[in-house]
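File shown here: input-v9.cif, holding mmCIF, N, CA and C atoms.
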```cif
data_my_file
loop_
_atom_site.label_atom_id
_atom_site.label_comp_id
_atom_site.auth_asym_id
_atom_site.auth_seq_id
_atom_site.Cartn_x
_atom_site.Cartn_y
_atom_site.Cartn_z
N MET A 1 7.72 -68.51 62.46
CA MET A 1 8.21 -69.67 61.76
C MET A 1 8.10 -70.87 62.69
N ALA A 2 7.73 -71.99 62.13
CA ALA A 2 7.61 -73.22 62.92
C ALA A 2 8.57 -74.26 62.37
N LEU A 3 9.17 -74.98 63.25
CA LEU A 3 10.04 -76.08 62.86
C LEU A 3 9.34 -77.37 63.26
N VAL A 4 9.09 -78.20 62.27
CA VAL A 4 8.41 -79.46 62.54
C VAL A 4 9.40 -80.58 62.30
N PRO A 5 9.77 -81.30 63.37
CA PRO A 5 10.74 -82.39 63.17
C PRO A 5 10.12 -83.51 62.34
N TYR A 6 10.92 -84.04 61.47
CA TYR A 6 10.45 -85.11 60.60
C TYR A 6 10.97 -86.44 61.12
N GLU A 7 10.06 -87.33 61.44
CA GLU A 7 10.43 -88.67 61.85
C GLU A 7 9.81 -89.63 60.86
N GLU A 8 10.66 -90.30 60.12
CA GLU A 8 10.17 -91.18 59.06
C GLU A 8 9.27 -92.28 59.58
N THR A 9 9.49 -92.72 60.79
CA THR A 9 8.70 -93.82 61.33
C THR A 9 7.32 -93.36 61.82
N SER A 10 7.15 -92.06 62.06
CA SER A 10 5.86 -91.60 62.58
C SER A 10 4.75 -91.78 61.56
N GLY A 11 5.02 -91.46 60.30
CA GLY A 11 4.08 -91.71 59.22
C GLY A 11 2.83 -90.85 59.21
N VAL A 12 2.59 -90.05 60.23
CA VAL A 12 1.37 -89.27 60.30
C VAL A 12 1.37 -88.20 59.21
N GLY A 13 0.49 -88.37 58.22
CA GLY A 13 0.35 -87.39 57.15
C GLY A 13 1.50 -87.35 56.15
N LEU A 14 2.50 -88.18 56.32
CA LEU A 14 3.67 -88.12 55.44
C LEU A 14 3.73 -89.26 54.44
N GLN A 15 2.79 -90.19 54.50
CA GLN A 15 2.82 -91.35 53.62
C GLN A 15 2.81 -90.94 52.15
N LYS A 16 2.06 -89.89 51.80
CA LYS A 16 1.94 -89.50 50.40
C LYS A 16 3.27 -89.07 49.81
N PHE A 17 4.20 -88.60 50.66
CA PHE A 17 5.51 -88.17 50.15
C PHE A 17 6.40 -89.36 49.79
N HIS A 18 6.07 -90.52 50.33
CA HIS A 18 6.87 -91.71 50.06
C HIS A 18 6.30 -92.58 48.95
N LYS A 19 5.17 -92.17 48.41
CA LYS A 19 4.62 -92.90 47.27
C LYS A 19 5.45 -92.56 46.03
N PRO A 20 5.76 -93.54 45.20
CA PRO A 20 6.61 -93.26 44.04
C PRO A 20 5.93 -92.45 42.94
N LEU A 21 4.60 -92.35 42.99
CA LEU A 21 3.89 -91.64 41.94
C LEU A 21 2.74 -90.83 42.55
N ALA A 22 2.64 -89.57 42.14
CA ALA A 22 1.54 -88.71 42.55
C ALA A 22 0.73 -88.38 41.30
N THR A 23 -0.58 -88.54 41.36
CA THR A 23 -1.44 -88.32 40.20
C THR A 23 -2.44 -87.20 40.52
N PHE A 24 -2.58 -86.28 39.55
CA PHE A 24 -3.46 -85.13 39.71
C PHE A 24 -4.27 -84.92 38.44
N SER A 25 -5.38 -84.22 38.58
CA SER A 25 -6.19 -83.87 37.42
C SER A 25 -6.36 -82.36 37.40
N PHE A 26 -5.75 -81.71 36.40
CA PHE A 26 -5.85 -80.27 36.22
C PHE A 26 -5.97 -79.96 34.74
N ALA A 27 -6.72 -78.94 34.41
CA ALA A 27 -6.84 -78.44 33.03
C ALA A 27 -7.23 -79.56 32.06
N ASN A 28 -8.14 -80.42 32.49
CA ASN A 28 -8.61 -81.54 31.66
C ASN A 28 -7.49 -82.49 31.26
N HIS A 29 -6.47 -82.59 32.08
CA HIS A 29 -5.36 -83.52 31.86
C HIS A 29 -5.09 -84.29 33.14
N THR A 30 -4.62 -85.51 32.99
CA THR A 30 -4.12 -86.26 34.13
C THR A 30 -2.61 -86.07 34.15
N ILE A 31 -2.10 -85.63 35.28
CA ILE A 31 -0.67 -85.36 35.43
C ILE A 31 -0.12 -86.35 36.43
N LYS A 32 0.87 -87.12 36.01
CA LYS A 32 1.52 -88.10 36.89
C LYS A 32 2.96 -87.65 37.10
N ILE A 33 3.33 -87.53 38.36
CA ILE A 33 4.68 -87.07 38.70
C ILE A 33 5.34 -88.10 39.61
N ARG A 34 6.53 -88.52 39.20
CA ARG A 34 7.29 -89.44 40.04
C ARG A 34 7.86 -88.69 41.23
N GLN A 35 7.85 -89.35 42.38
CA GLN A 35 8.39 -88.77 43.60
C GLN A 35 9.52 -89.67 44.11
N ASP A 36 10.53 -89.05 44.71
CA ASP A 36 11.65 -89.82 45.25
C ASP A 36 12.23 -89.11 46.46
N TRP A 37 11.50 -89.18 47.56
CA TRP A 37 11.92 -88.50 48.80
C TRP A 37 13.27 -89.01 49.28
N ARG A 38 13.45 -90.31 49.28
CA ARG A 38 14.65 -90.90 49.88
C ARG A 38 15.94 -90.50 49.17
N GLN A 39 15.95 -90.43 47.86
CA GLN A 39 17.20 -90.10 47.16
C GLN A 39 17.33 -88.63 46.82
N LEU A 40 16.24 -87.95 46.54
CA LEU A 40 16.33 -86.56 46.07
C LEU A 40 15.81 -85.54 47.08
N GLY A 41 15.17 -86.00 48.15
CA GLY A 41 14.77 -85.09 49.22
C GLY A 41 13.49 -84.30 48.95
N VAL A 42 13.38 -83.15 49.63
CA VAL A 42 12.14 -82.38 49.65
C VAL A 42 11.73 -81.81 48.30
N ALA A 43 12.66 -81.64 47.38
CA ALA A 43 12.31 -81.11 46.06
C ALA A 43 11.68 -82.16 45.16
N ALA A 44 11.70 -83.40 45.59
CA ALA A 44 11.23 -84.49 44.74
C ALA A 44 9.87 -85.03 45.14
N VAL A 45 9.11 -84.24 45.88
CA VAL A 45 7.75 -84.62 46.23
C VAL A 45 6.82 -83.44 45.92
N VAL A 46 5.57 -83.75 45.67
CA VAL A 46 4.58 -82.69 45.41
C VAL A 46 4.00 -82.26 46.74
N TRP A 47 4.24 -81.01 47.10
CA TRP A 47 3.77 -80.47 48.37
C TRP A 47 2.35 -79.94 48.21
N ASP A 48 1.62 -79.88 49.34
CA ASP A 48 0.24 -79.40 49.33
C ASP A 48 0.12 -78.00 48.74
N ALA A 49 1.12 -77.14 48.98
CA ALA A 49 1.07 -75.77 48.46
C ALA A 49 1.01 -75.76 46.93
N ALA A 50 1.69 -76.69 46.29
CA ALA A 50 1.65 -76.77 44.82
C ALA A 50 0.26 -77.17 44.34
N VAL A 51 -0.38 -78.05 45.06
CA VAL A 51 -1.73 -78.49 44.69
C VAL A 51 -2.71 -77.33 44.89
N VAL A 52 -2.58 -76.60 46.00
CA VAL A 52 -3.47 -75.47 46.27
C VAL A 52 -3.29 -74.38 45.21
N LEU A 53 -2.05 -74.04 44.88
CA LEU A 53 -1.81 -73.01 43.87
C LEU A 53 -2.29 -73.46 42.49
N SER A 54 -2.10 -74.71 42.15
CA SER A 54 -2.60 -75.23 40.87
C SER A 54 -4.12 -75.15 40.81
N THR A 55 -4.78 -75.47 41.92
CA THR A 55 -6.24 -75.38 42.00
C THR A 55 -6.68 -73.93 41.82
N TYR A 56 -5.97 -73.01 42.45
CA TYR A 56 -6.28 -71.58 42.33
C TYR A 56 -6.13 -71.12 40.88
N LEU A 57 -5.05 -71.52 40.23
CA LEU A 57 -4.85 -71.14 38.83
C LEU A 57 -5.96 -71.68 37.95
N GLU A 58 -6.41 -72.88 38.26
CA GLU A 58 -7.47 -73.51 37.46
C GLU A 58 -8.80 -72.77 37.59
N THR A 59 -9.01 -72.03 38.66
CA THR A 59 -10.26 -71.28 38.83
C THR A 59 -10.37 -70.14 37.83
N GLY A 60 -9.26 -69.74 37.23
CA GLY A 60 -9.28 -68.65 36.26
C GLY A 60 -9.14 -67.27 36.88
N ALA A 61 -8.83 -67.22 38.17
CA ALA A 61 -8.66 -65.93 38.85
C ALA A 61 -7.48 -65.14 38.27
N VAL A 62 -6.54 -65.86 37.70
CA VAL A 62 -5.40 -65.23 37.02
C VAL A 62 -5.49 -65.65 35.55
N GLU A 63 -5.57 -64.69 34.66
CA GLU A 63 -5.67 -65.01 33.23
C GLU A 63 -4.29 -65.42 32.71
N LEU A 64 -4.19 -66.67 32.29
CA LEU A 64 -2.92 -67.19 31.78
C LEU A 64 -2.93 -67.41 30.28
N ARG A 65 -4.09 -67.49 29.68
CA ARG A 65 -4.18 -67.81 28.24
C ARG A 65 -3.39 -66.80 27.41
N GLY A 66 -2.47 -67.33 26.62
CA GLY A 66 -1.65 -66.49 25.74
C GLY A 66 -0.49 -65.80 26.44
N ARG A 67 -0.29 -66.10 27.71
CA ARG A 67 0.81 -65.48 28.45
C ARG A 67 1.89 -66.51 28.75
N SER A 68 3.07 -66.03 29.07
CA SER A 68 4.16 -66.89 29.50
C SER A 68 4.22 -66.88 31.02
N ALA A 69 4.68 -67.96 31.60
CA ALA A 69 4.80 -68.05 33.06
C ALA A 69 6.13 -68.68 33.42
N VAL A 70 6.65 -68.31 34.57
CA VAL A 70 7.88 -68.90 35.09
C VAL A 70 7.62 -69.36 36.51
N GLU A 71 7.94 -70.61 36.79
CA GLU A 71 7.85 -71.12 38.16
C GLU A 71 9.27 -71.30 38.67
N LEU A 72 9.64 -70.53 39.67
CA LEU A 72 10.98 -70.61 40.26
C LEU A 72 10.93 -71.52 41.48
N GLY A 73 11.99 -72.26 41.69
CA GLY A 73 12.02 -73.18 42.83
C GLY A 73 10.95 -74.24 42.70
N ALA A 74 10.82 -74.79 41.51
CA ALA A 74 9.67 -75.61 41.15
C ALA A 74 9.61 -76.99 41.79
N GLY A 75 10.73 -77.52 42.20
CA GLY A 75 10.69 -78.90 42.71
C GLY A 75 10.24 -79.84 41.62
N THR A 76 9.07 -80.45 41.79
CA THR A 76 8.56 -81.38 40.78
C THR A 76 7.93 -80.68 39.59
N GLY A 77 7.66 -79.38 39.70
CA GLY A 77 7.16 -78.61 38.56
C GLY A 77 5.67 -78.63 38.35
N LEU A 78 4.89 -79.11 39.32
CA LEU A 78 3.44 -79.22 39.12
C LEU A 78 2.80 -77.89 38.75
N VAL A 79 3.11 -76.82 39.46
CA VAL A 79 2.47 -75.52 39.18
C VAL A 79 2.84 -75.03 37.79
N GLY A 80 4.09 -75.17 37.39
CA GLY A 80 4.50 -74.77 36.04
C GLY A 80 3.82 -75.58 34.95
N ILE A 81 3.66 -76.86 35.20
CA ILE A 81 2.97 -77.73 34.24
C ILE A 81 1.52 -77.29 34.09
N VAL A 82 0.85 -77.05 35.22
CA VAL A 82 -0.55 -76.61 35.18
C VAL A 82 -0.65 -75.25 34.49
N ALA A 83 0.27 -74.34 34.81
CA ALA A 83 0.25 -73.01 34.18
C ALA A 83 0.40 -73.14 32.67
N ALA A 84 1.29 -74.00 32.21
CA ALA A 84 1.48 -74.19 30.77
C ALA A 84 0.23 -74.77 30.11
N LEU A 85 -0.40 -75.72 30.78
CA LEU A 85 -1.62 -76.31 30.22
C LEU A 85 -2.75 -75.29 30.15
N LEU A 86 -2.86 -74.45 31.15
CA LEU A 86 -3.92 -73.43 31.17
C LEU A 86 -3.63 -72.29 30.22
N ALA A 87 -2.35 -71.98 30.02
CA ALA A 87 -1.98 -70.84 29.17
C ALA A 87 -2.01 -71.20 27.70
N SER A 88 -1.98 -72.48 27.39
CA SER A 88 -1.85 -72.92 26.00
C SER A 88 -0.66 -72.21 25.37
N SER A 89 0.36 -72.03 26.16
CA SER A 89 1.55 -71.29 25.73
C SER A 89 2.75 -71.91 26.40
N ARG A 90 3.77 -71.11 26.65
CA ARG A 90 5.00 -71.62 27.23
C ARG A 90 5.08 -71.29 28.72
N ALA A 91 5.71 -72.19 29.44
CA ALA A 91 5.99 -71.94 30.86
C ALA A 91 7.41 -72.37 31.12
N GLY A 92 8.14 -71.52 31.83
CA GLY A 92 9.49 -71.87 32.24
C GLY A 92 9.42 -72.45 33.64
N ILE A 93 10.16 -73.51 33.86
CA ILE A 93 10.17 -74.16 35.16
C ILE A 93 11.61 -74.26 35.61
N SER A 94 11.89 -73.70 36.79
CA SER A 94 13.25 -73.66 37.29
C SER A 94 13.30 -74.26 38.69
N SER A 95 14.29 -75.12 38.91
CA SER A 95 14.44 -75.74 40.22
C SER A 95 15.91 -75.91 40.54
N SER A 96 16.27 -75.74 41.80
CA SER A 96 17.65 -75.99 42.19
C SER A 96 17.94 -77.49 42.18
N SER A 97 16.89 -78.29 42.18
CA SER A 97 17.01 -79.74 42.11
C SER A 97 16.45 -80.19 40.77
N LEU A 98 17.19 -79.98 39.73
CA LEU A 98 16.70 -80.18 38.37
C LEU A 98 16.23 -81.59 38.06
N PRO A 99 16.84 -82.66 38.57
CA PRO A 99 16.35 -83.99 38.16
C PRO A 99 14.86 -84.21 38.36
N PRO A 100 14.25 -83.91 39.52
CA PRO A 100 12.80 -84.17 39.62
C PRO A 100 11.99 -83.31 38.67
N CYS A 101 12.36 -82.05 38.56
CA CYS A 101 11.63 -81.12 37.71
C CYS A 101 11.75 -81.53 36.25
N SER A 102 12.97 -81.80 35.80
CA SER A 102 13.16 -82.12 34.39
C SER A 102 12.49 -83.44 34.04
N HIS A 103 12.47 -84.37 34.98
CA HIS A 103 11.79 -85.64 34.70
C HIS A 103 10.30 -85.42 34.56
N ALA A 104 9.73 -84.63 35.44
CA ALA A 104 8.29 -84.38 35.38
C ALA A 104 7.92 -83.72 34.07
N VAL A 105 8.69 -82.76 33.63
CA VAL A 105 8.39 -82.05 32.39
C VAL A 105 8.59 -82.95 31.19
N ASN A 106 9.65 -83.73 31.18
CA ASN A 106 9.93 -84.58 30.03
C ASN A 106 8.96 -85.72 29.86
N THR A 107 8.19 -86.05 30.90
CA THR A 107 7.21 -87.12 30.75
C THR A 107 5.91 -86.64 30.12
N LEU A 108 5.76 -85.34 29.95
CA LEU A 108 4.56 -84.79 29.31
C LEU A 108 4.91 -84.34 27.90
N PRO A 109 4.44 -85.03 26.89
CA PRO A 109 4.82 -84.69 25.51
C PRO A 109 4.54 -83.23 25.14
N CYS A 110 3.45 -82.66 25.64
CA CYS A 110 3.11 -81.31 25.24
C CYS A 110 4.04 -80.28 25.89
N LEU A 111 4.80 -80.68 26.89
CA LEU A 111 5.67 -79.74 27.59
C LEU A 111 7.15 -80.07 27.46
N ALA A 112 7.47 -81.13 26.75
CA ALA A 112 8.88 -81.51 26.63
C ALA A 112 9.66 -80.36 25.99
N PRO A 113 10.88 -80.12 26.48
CA PRO A 113 11.68 -79.02 25.93
C PRO A 113 11.89 -79.19 24.43
N SER A 114 11.81 -78.10 23.71
CA SER A 114 12.02 -78.18 22.26
C SER A 114 13.51 -78.21 21.98
N SER A 115 13.87 -78.72 20.82
CA SER A 115 15.28 -78.79 20.46
C SER A 115 15.76 -77.51 19.80
N SER A 116 14.87 -76.58 19.57
CA SER A 116 15.28 -75.33 18.91
C SER A 116 15.92 -74.39 19.91
N PRO A 117 16.94 -73.62 19.48
CA PRO A 117 17.61 -72.70 20.40
C PRO A 117 16.70 -71.55 20.77
N GLY A 118 16.95 -71.00 21.98
CA GLY A 118 16.25 -69.80 22.31
C GLY A 118 15.45 -69.86 23.50
#
```
As structure tokens - that is how I would like this structure written.
Amino acid sequence: MALVPYEETSGVGLQKFHKPLATFSFANHTIKIRQDWRQLGVAAVVWDAAVVLSTYLETGAVELRGRSAVELGAGTGLVGIVAALLASSRAGISSSSLPPCSHAVNTLPCLAPSSSPG
């Protein structure tokens, strides 16, 4: 395990986390996710691992079409959003920091939570 001290003034490689909006292209969709490092912390930014996993899912190595998916510890929810778009089905997205995740999901009409119970 490595511990990397975070110094906000250093800026090396960390500028993207302080941008208020992150934009991605997956599954023939443009996905825009608001980021808020200062108020909501590490769960409110899109980490490189989410981009790498989303890219992997897009390759089709894992068949998602017609299946359900759950992303636990989702943060901004990018992987769950991509999984839902690729599956043409439902994806559950769970985060201990619900505000960033719920905002990201609610900004996409095709993924907004339904009002029906269940």
Might I get the box with edges along x, y and z of the file that holds all atoms of segment 55-59 of chain A listed there, padded by 8 Å on every side, given as centre and edge lengths in Å to one decimal, as AutoDock Vina command-line options?
```
--center_x -7.6 --center_y -72.8 --center_z 40.0 --size_x 21.6 --size_y 21.3 --size_z 21.0
```
Can I get the residues of segment 63-87 of chain A within 9 Å of segment 33-48 of chain A, each with the closest pair of atoms and their distance in Å to one decimal, using only C-alpha atoms, sorted chain first then ascending number, as CSV?
```
residue,atom,partner,partner_atom,distance
A:Gly73,CA,A:Ala43,CA,8.6
A:Ala74,CA,A:Ala43,CA,7.8
A:Gly75,CA,A:Ala43,CA,4.3
A:Thr76,CA,A:Ala44,CA,5.7
A:Gly77,CA,A:Val46,CA,8.4
A:Leu78,CA,A:Val46,CA,7.3
```
Between atom CA of Ala87 of chain A and atom C of Glu63 of chain A lies a distance of 6.9 Å
Nearest to Val79 of chain A by atom-to-atom distance, counting only N, CA and C atoms, from A:Gln15, A:Leu53, A:Ala27, A:Gly66: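 The shortest atom-to-atom distance to Val79 of chain A comes from A:Leu53.
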Measure the distance from atom CA of Ala49 of chain A to atom CA of Ser68 of chain A in Å and round it to one decimal.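 So the two atoms, atom CA of Ala49 of chain A and atom CA of Ser68 of chain A, lie 21.2 Å apart.
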How many Å separate atom N of Leu57 of chain A from atom C of His18 of chain A? 25.5 Å
Evaluate the PyMOL selection byres ((chain A and resi 32) around 7) against this structure - the residues, as a ChimeraX atom specification, please. /A:21-24,30-31,33-34,104
Which is closest to Leu64 of chain A among A:Leu85, A:Ala50, A:Pro20, A:Ser25, if we use all atoms listed in the file?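 Result for the nearest residue to Leu64 of chain A: A:Leu85.
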Kindly indicate which residue among A:Val52, A:Ala69, A:Phe17, A:Gly60 lies nearest to Ala83 of chain A, using all atoms listed in the file for the distances. A:Ala69
Looking at only N, CA and C atoms, which of A:Leu86, A:Ile81, A:Thr55, A:Asn28 is the one that sits closest to Arg67 of chain A?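 The shortest atom-to-atom distance to Arg67 of chain A comes from A:Leu86.
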